[in-house]
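*Asks:* What follows is my_file.txt; its format and atoms are compact mmCIF, C-alpha atoms.
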```txt
# COMPACT_ATOMS: atom_id res chain seq x y z
CA MET G 145 21.03 -67.04 -1.30
CA ALA G 146 21.34 -65.75 -4.85
CA LEU G 147 17.54 -65.69 -5.15
CA GLN G 148 17.23 -63.66 -1.94
CA SER G 149 19.89 -61.17 -3.14
CA CYS G 150 18.11 -60.83 -6.44
CA SER G 151 14.81 -60.14 -4.65
CA TRP G 152 16.37 -57.44 -2.50
CA LEU G 153 18.00 -55.87 -5.53
CA THR G 154 14.63 -55.82 -7.33
CA ILE G 155 12.96 -54.16 -4.34
CA ILE G 156 15.71 -51.53 -4.10
CA LEU G 157 15.54 -50.78 -7.83
CA CYS G 158 11.73 -50.46 -7.72
CA PHE G 159 11.95 -48.11 -4.74
CA ALA G 160 14.61 -46.03 -6.50
CA HIS G 161 12.43 -45.82 -9.63
CA ILE G 162 9.35 -44.74 -7.66
CA ASN G 163 11.33 -42.00 -5.91
CA ALA G 164 12.89 -40.82 -9.17
CA VAL G 165 9.53 -40.21 -10.87
CA PRO G 166 8.56 -36.57 -10.30
CA ILE G 167 5.20 -36.08 -8.69
CA LYS G 168 3.02 -33.66 -10.59
CA PRO G 169 1.63 -31.01 -8.24
CA THR G 170 -2.11 -30.68 -7.94
CA CYS G 171 -3.55 -27.91 -10.06
CA GLY G 172 -5.16 -25.23 -7.95
CA LEU G 173 -4.76 -22.20 -5.74
CA GLN G 174 -3.35 -22.90 -2.31
CA ARG G 175 -5.30 -21.55 0.66
CA ARG G 176 -2.15 -20.88 2.67
CA LEU G 177 -0.69 -18.71 -0.12
CA VAL G 178 -3.90 -16.70 -0.51
CA ASP G 179 -3.97 -16.29 3.27
CA GLN G 180 -0.32 -15.16 3.29
CA SER G 181 -1.12 -12.66 0.52
CA TYR G 182 -3.95 -11.27 2.62
CA SER G 183 -1.71 -10.98 5.70
CA LEU G 184 1.09 -9.28 3.79
CA LEU G 185 -1.22 -6.71 2.21
CA ASP G 186 -2.92 -6.12 5.55
CA SER G 187 0.43 -5.37 7.16
CA VAL G 188 1.84 -2.93 4.59
CA GLY G 189 -0.05 0.14 5.70
CA GLY G 190 -1.49 -0.54 9.11
CA ARG G 191 -4.91 0.84 9.98
CA PHE G 192 -6.91 2.87 7.50
CA PRO G 193 -5.80 6.52 8.02
CA VAL G 194 -8.42 8.78 9.59
CA GLU G 195 -7.48 11.57 7.19
CA CYS G 196 -8.52 9.33 4.29
CA LEU G 197 -12.09 8.68 5.48
CA ASP G 198 -13.43 11.34 3.10
CA HIS G 199 -11.97 9.38 0.19
CA TYR G 200 -13.29 6.00 1.23
CA ARG G 201 -15.67 4.43 -1.22
CA GLN G 202 -16.98 0.90 -1.00
CA ILE G 203 -17.28 -0.77 -4.38
CA THR G 204 -19.54 -3.80 -4.43
CA PHE G 205 -17.57 -6.93 -5.16
CA PRO G 206 -19.13 -9.06 -7.96
CA SER G 207 -19.65 -12.16 -5.84
CA SER G 208 -22.04 -13.48 -8.48
CA ALA G 209 -18.99 -14.08 -10.70
CA PHE G 210 -17.99 -16.80 -8.25
CA ASN G 211 -21.37 -18.54 -8.07
CA THR G 212 -21.52 -22.06 -9.40
CA SER G 213 -24.60 -23.76 -10.78
CA GLU G 214 -23.72 -27.10 -9.21
CA ALA G 215 -22.09 -27.76 -5.87
CA ALA G 216 -19.61 -30.15 -7.45
CA ASP G 217 -18.61 -27.68 -10.18
CA ASN G 218 -16.06 -25.29 -8.68
CA ALA G 219 -13.94 -24.83 -11.81
CA GLY G 220 -15.78 -21.64 -12.80
CA ALA G 221 -15.26 -20.04 -9.38
CA GLU G 222 -11.67 -21.24 -9.31
CA LYS G 223 -11.03 -19.61 -12.69
CA MET G 224 -12.49 -16.36 -11.37
CA ALA G 225 -10.18 -16.49 -8.33
CA TYR G 226 -7.24 -17.00 -10.70
CA GLU G 227 -8.38 -14.07 -12.86
CA THR G 228 -8.74 -11.98 -9.68
CA LEU G 229 -5.10 -12.63 -8.80
CA LYS G 230 -4.05 -11.58 -12.30
CA LEU G 231 -6.03 -8.34 -11.98
CA ILE G 232 -4.52 -7.68 -8.54
CA ASP G 233 -1.06 -8.21 -10.03
CA THR G 234 -1.81 -5.70 -12.78
CA LEU G 235 -3.17 -3.15 -10.32
CA PHE G 236 -0.10 -3.36 -8.10
CA ALA G 237 2.31 -3.11 -11.03
CA ASN G 238 1.77 0.65 -10.73
CA ASP G 239 4.94 2.49 -9.65
CA SER G 240 3.10 5.20 -7.73
CA MET G 241 2.47 3.24 -4.55
CA PRO G 242 3.06 5.00 -1.24
CA THR G 243 6.66 5.05 -0.09
CA SER G 244 5.40 4.78 3.47
CA TRP G 245 4.24 1.21 2.87
CA ASN G 246 6.74 -1.27 4.24
CA ASN G 247 8.75 -3.99 2.54
CA ASN G 248 5.90 -6.48 2.81
CA LEU G 249 4.50 -4.91 -0.36
CA GLU G 250 7.26 -6.47 -2.45
CA ASN G 251 6.64 -9.81 -0.73
CA PHE G 252 2.92 -9.43 -1.46
CA GLN G 253 3.57 -8.72 -5.13
CA SER G 254 5.96 -11.67 -5.41
CA LEU G 255 3.50 -14.01 -3.74
CA ILE G 256 0.65 -12.94 -6.04
CA TYR G 257 2.90 -13.45 -9.07
CA ARG G 258 4.00 -16.86 -7.77
CA GLN G 259 0.41 -18.00 -7.38
CA ILE G 260 -0.40 -16.89 -10.92
CA GLU G 261 2.59 -18.73 -12.36
CA GLU G 262 2.02 -21.92 -10.38
CA SER G 263 -1.70 -22.07 -11.11
CA ARG G 264 -1.92 -21.40 -14.85
CA CYS G 265 -3.32 -24.90 -15.28
CA ILE G 266 -6.59 -23.72 -13.71
CA MET G 267 -7.59 -22.08 -16.97
CA SER G 268 -7.51 -25.45 -18.74
CA LYS G 269 -10.10 -26.92 -16.37
CA THR G 270 -13.61 -27.22 -17.73
CA HIS G 271 -16.83 -26.49 -15.92
CA SER G 272 -20.43 -27.18 -16.79
CA SER G 273 -21.34 -23.65 -17.83
CA LEU G 274 -18.50 -22.60 -20.12
CA ASP G 275 -20.64 -20.00 -21.86
CA ASP G 276 -20.80 -17.76 -18.80
CA PHE G 277 -17.02 -17.28 -18.42
CA GLN G 278 -17.05 -14.05 -20.43
CA ASP G 279 -19.91 -12.62 -18.35
CA ARG G 280 -18.17 -13.53 -15.11
CA ASN G 281 -14.88 -12.12 -16.34
CA THR G 282 -16.52 -8.90 -17.52
CA ALA G 283 -18.09 -8.35 -14.09
CA LEU G 284 -14.72 -8.91 -12.45
CA LYS G 285 -12.90 -6.56 -14.82
CA THR G 286 -15.56 -3.87 -14.30
CA PHE G 287 -14.97 -4.11 -10.54
CA PHE G 288 -11.20 -3.73 -11.00
CA ASP G 289 -11.69 -0.85 -13.45
CA LYS G 290 -13.64 0.99 -10.74
CA ILE G 291 -10.80 0.39 -8.30
CA ALA G 292 -8.22 1.62 -10.83
CA ASN G 293 -10.36 4.73 -11.41
CA ILE G 294 -9.98 5.64 -7.75
CA LEU G 295 -6.23 5.88 -8.32
CA THR G 296 -6.73 7.98 -11.44
CA GLU G 297 -9.26 10.33 -9.84
CA LYS G 298 -7.14 10.87 -6.74
CA GLU G 299 -3.86 11.02 -8.68
CA SER G 300 -2.50 7.94 -6.89
CA SER G 301 -2.50 9.70 -3.55
CA ILE G 302 -1.81 7.75 -0.38
CA CYS G 303 -5.53 7.93 0.43
CA ALA G 304 -6.42 6.46 -2.96
CA TRP G 305 -3.97 3.62 -2.40
CA GLU G 306 -5.39 3.01 1.07
CA VAL G 307 -8.88 2.72 -0.43
CA VAL G 308 -7.52 0.32 -3.05
CA ARG G 309 -5.77 -1.72 -0.36
CA GLN G 310 -9.03 -2.04 1.59
CA GLN G 311 -10.90 -3.16 -1.53
CA ILE G 312 -8.28 -5.81 -2.34
CA LEU G 313 -8.27 -7.02 1.27
CA SER G 314 -12.05 -7.44 1.05
CA THR G 315 -11.63 -9.33 -2.21
CA LEU G 316 -9.04 -11.72 -0.80
CA ARG G 317 -11.17 -12.21 2.32
CA PHE G 318 -14.13 -13.13 0.10
CA ILE G 319 -12.04 -15.71 -1.75
CA LEU G 320 -10.79 -17.21 1.51
CA GLN G 321 -14.22 -17.36 3.15
CA SER G 322 -16.35 -18.51 0.26
CA SER G 323 -14.11 -20.98 -1.49
CA ASN G 324 -14.05 -24.72 -1.16
CA TYR G 325 -11.79 -25.04 -4.19
CA LEU G 326 -8.62 -23.77 -2.50
CA LEU G 327 -6.13 -26.53 -1.76
```
Let me see whether you can do it: turn the structure in this file into C-alpha cells.

*Replies:*
Amino acid sequence: MALQSCSWLTIILCFAHINAVPIKPTCGLQRRLVDQSYSLLDSVGGRFPVECLDHYRQITFPSSAFNTSEAADNAGAEKMAYETLKLIDTLFANDSMPTSWNNNLENFQSLIYRQIEESRCIMSKTHSSLDDFQDRNTALKTFFDKIANILTEKESSICAWEVVRQQILSTLRFILQSSNYLL
C-alpha cells in the first residue's frame, strides 16, 4: 500500500511540475492578428469617398522584398512582414488622422503595436541570404516614404488619409495572401 501511495504521489508531483513549467510561445506573426488588423483598418472609414478619387494614387508595393530564394526559407519574408508592421505603426503615430474615423482606429493601432512587441524574436531568425536584408528593407522603406509623402503633399487631409488607408489595406492583404510563414 505504501508503494502504491508513493507511486501516486510521484505521478502527481511530475504532473504538477510539467504544468508549472511555462511554455515558450512560438516566435512568429499570427495570421489571426494580421487578419484582425486588416478588418479593423477596413472598418474605420467605410468605403473610399467619391470626392477623394482625384487624390487616389496607387503606389506599387515592393513584393520582391518578400521573395525567398528557397521555399523552405521564409525567415527573410517574415522579417519583412515584421518591418512592415513597424512602418505601419510609425505611419499611424501621426496625430492628424481624420476625426471622422471611428474608434476601431485605436484598436487597430493597439493590435499593430501588440504584434510588434510579441514578435520581436523574428529579427533574430536567420535566413540563407542575409546579405539582401538591407536591400529588402530599403525597398520597403521607400514604399512607406511614398505613402508618407501623400500625407505631406495633401496636408494630412481626409482624402490623403483615405489613400493611405487603401495602401495599407493592400499591404496587409498581400501579407495575408502570400505568406506561409504566418502562424

*Asks:* Can you tell me which residues surround Gln278 of chain G at a distance of at most 12 Å, considering all atoms listed in the file, apart from same-chain residues fewer than 4 positions away, and format the answer as number ranges by chain?

*Replies:* G: 209, 220, 223-224, 227, 273-274, 282-286

*Asks:* Just the residues within 7 Å of segment 168-183 of chain G, please, counting all atoms listed in the file, with nothing from its chain fewer than 2 positions along; format it as a ChimeraX atom specification.

*Replies:* /G:166,185-187,252,255-256,259,263,265-266,313,316,326-327

*Asks:* What lies within 8 Å of Ile232 of chain G using all atoms listed in the file, ignoring chain neighbours under 3 positions off, as a list in words?

*Replies:*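 Counting all atoms listed in the file, the residues come to Thr228, Leu229, Leu235, Phe236, Ile256 and Ile312 of chain G.
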
*Asks:* Determine the nearest neighbour of Ala221 of chain G from the options G:Phe287, G:Ala304, G:Ser323, G:Arg201, counting only C-alpha atoms.

*Replies:*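 When distances to Ala221 of chain G are compared using only C-alpha atoms, the smallest one comes from G:Ser323.
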
*Asks:* Considering only C-alpha atoms, can you say which of G:Thr243, G:Val194, G:Ala219, G:Phe277 comes closest to Ser300 of chain G?

*Replies:*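 Going through G:Thr243, G:Val194, G:Ala219, G:Phe277 one by one, the smallest distance to Ser300 of chain G is for G:Thr243.
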
*Asks:* Which residues, written as a list in words, have at least one atom at most 9 Å from Val308 of chain G, with all atoms listed in the file counted and residues fewer than 5 positions away on the same chain left out?

*Replies:* Ile291, Ala292, Ile294, Leu295, Cys303 and Leu313 of chain G

*Asks:* What does the distance from atom CA of Ile302 of chain G to atom CA of Trp245 of chain G come to in Å, to one decimal?

*Replies:*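 One can read the atom CA of Ile302 of chain G to atom CA of Trp245 of chain G distance as 9.5 Å.
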
*Asks:* Ranking G:Ala225, G:Asp198, G:Val188, G:Asn238 by minimum distance to Asn251 of chain G and counting all atoms listed in the file, which one comes first?

*Replies:*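 So, comparing all the options, the nearest one is G:Val188.
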
*Asks:* What does the distance from atom CA of Glu306 of chain G to atom CA of Ser208 of chain G come to in Å, to one decimal?

*Replies:* 25.3 Å

*Asks:* Find the distance between atom CA of Gln202 of chain G and atom CA of Asn324 of chain G and write it in Å to one decimal.

*Replies:* 25.8 Å

*Asks:* Which residue, G:Ser301, G:Asn247, G:Asn281, G:Gln310, has the smallest gap to Ser207 of chain G when you use only C-alpha atoms?

*Replies:*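 Selected residue with least distance to Ser207 of chain G: G:Asn281.
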
*Asks:* Missing atoms in segment 296-313 of chain G need filling: write out N, CA, C and O atoms for it as an mmCIF file, in the coordinates of the input.

*Replies:*
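Dumped everything to part.cif:
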```cif
data_model
loop_
_atom_site.group_PDB
_atom_site.id
_atom_site.type_symbol
_atom_site.label_atom_id
_atom_site.label_comp_id
_atom_site.auth_asym_id
_atom_site.auth_seq_id
_atom_site.Cartn_x
_atom_site.Cartn_y
_atom_site.Cartn_z
ATOM 1 N N THR G 296 -6.794 6.926 -10.430
ATOM 2 C CA THR G 296 -6.730 7.980 -11.440
ATOM 3 C C THR G 296 -7.355 9.268 -10.930
ATOM 4 O O THR G 296 -6.766 10.340 -11.050
ATOM 5 N N GLU G 297 -8.549 9.152 -10.347
ATOM 6 C CA GLU G 297 -9.260 10.330 -9.840
ATOM 7 C C GLU G 297 -8.481 11.052 -8.744
ATOM 8 O O GLU G 297 -8.484 12.272 -8.672
ATOM 9 N N LYS G 298 -7.845 10.281 -7.888
ATOM 10 C CA LYS G 298 -7.140 10.870 -6.740
ATOM 11 C C LYS G 298 -5.638 10.988 -7.001
ATOM 12 O O LYS G 298 -4.855 11.183 -6.073
ATOM 13 N N GLU G 299 -5.243 10.873 -8.256
ATOM 14 C CA GLU G 299 -3.860 11.020 -8.680
ATOM 15 C C GLU G 299 -2.903 10.167 -7.856
ATOM 16 O O GLU G 299 -1.835 10.604 -7.433
ATOM 17 N N SER G 300 -3.306 8.932 -7.620
ATOM 18 C CA SER G 300 -2.500 7.940 -6.890
ATOM 19 C C SER G 300 -2.015 8.438 -5.539
ATOM 20 O O SER G 300 -0.913 8.136 -5.097
ATOM 21 N N SER G 301 -2.853 9.198 -4.881
ATOM 22 C CA SER G 301 -2.500 9.700 -3.550
ATOM 23 C C SER G 301 -2.448 8.539 -2.557
ATOM 24 O O SER G 301 -2.939 7.447 -2.828
ATOM 25 N N ILE G 302 -1.870 8.801 -1.399
ATOM 26 C CA ILE G 302 -1.810 7.750 -0.380
ATOM 27 C C ILE G 302 -3.209 7.331 0.030
ATOM 28 O O ILE G 302 -3.462 6.151 0.269
ATOM 29 N N CYS G 303 -4.151 8.284 0.076
ATOM 30 C CA CYS G 303 -5.530 7.930 0.430
ATOM 31 C C CYS G 303 -6.167 7.030 -0.626
ATOM 32 O O CYS G 303 -6.871 6.073 -0.295
ATOM 33 N N ALA G 304 -5.889 7.310 -1.890
ATOM 34 C CA ALA G 304 -6.420 6.460 -2.960
ATOM 35 C C ALA G 304 -5.864 5.049 -2.827
ATOM 36 O O ALA G 304 -6.603 4.071 -2.947
ATOM 37 N N TRP G 305 -4.574 4.932 -2.560
ATOM 38 C CA TRP G 305 -3.970 3.620 -2.400
ATOM 39 C C TRP G 305 -4.513 2.888 -1.174
ATOM 40 O O TRP G 305 -4.693 1.683 -1.190
ATOM 41 N N GLU G 306 -4.814 3.636 -0.126
ATOM 42 C CA GLU G 306 -5.390 3.010 1.070
ATOM 43 C C GLU G 306 -6.794 2.465 0.766
ATOM 44 O O GLU G 306 -7.161 1.392 1.236
ATOM 45 N N VAL G 307 -7.559 3.203 -0.025
ATOM 46 C CA VAL G 307 -8.880 2.720 -0.430
ATOM 47 C C VAL G 307 -8.727 1.457 -1.274
ATOM 48 O O VAL G 307 -9.441 0.465 -1.076
ATOM 49 N N VAL G 308 -7.783 1.479 -2.198
ATOM 50 C CA VAL G 308 -7.520 0.320 -3.050
ATOM 51 C C VAL G 308 -7.112 -0.876 -2.189
ATOM 52 O O VAL G 308 -7.602 -1.999 -2.372
ATOM 53 N N ARG G 309 -6.232 -0.635 -1.236
ATOM 54 C CA ARG G 309 -5.770 -1.720 -0.360
ATOM 55 C C ARG G 309 -6.947 -2.351 0.386
ATOM 56 O O ARG G 309 -7.066 -3.574 0.477
ATOM 57 N N GLN G 310 -7.858 -1.516 0.883
ATOM 58 C CA GLN G 310 -9.030 -2.040 1.590
ATOM 59 C C GLN G 310 -9.915 -2.863 0.664
ATOM 60 O O GLN G 310 -10.448 -3.902 1.064
ATOM 61 N N GLN G 311 -10.082 -2.418 -0.564
ATOM 62 C CA GLN G 311 -10.900 -3.160 -1.530
ATOM 63 C C GLN G 311 -10.269 -4.525 -1.845
ATOM 64 O O GLN G 311 -10.978 -5.531 -1.924
ATOM 65 N N ILE G 312 -8.959 -4.552 -2.013
ATOM 66 C CA ILE G 312 -8.280 -5.810 -2.340
ATOM 67 C C ILE G 312 -8.297 -6.744 -1.124
ATOM 68 O O ILE G 312 -8.473 -7.957 -1.276
ATOM 69 N N LEU G 313 -8.158 -6.189 0.065
ATOM 70 C CA LEU G 313 -8.270 -7.020 1.270
ATOM 71 C C LEU G 313 -9.654 -7.664 1.350
ATOM 72 O O LEU G 313 -9.778 -8.857 1.665
#
```
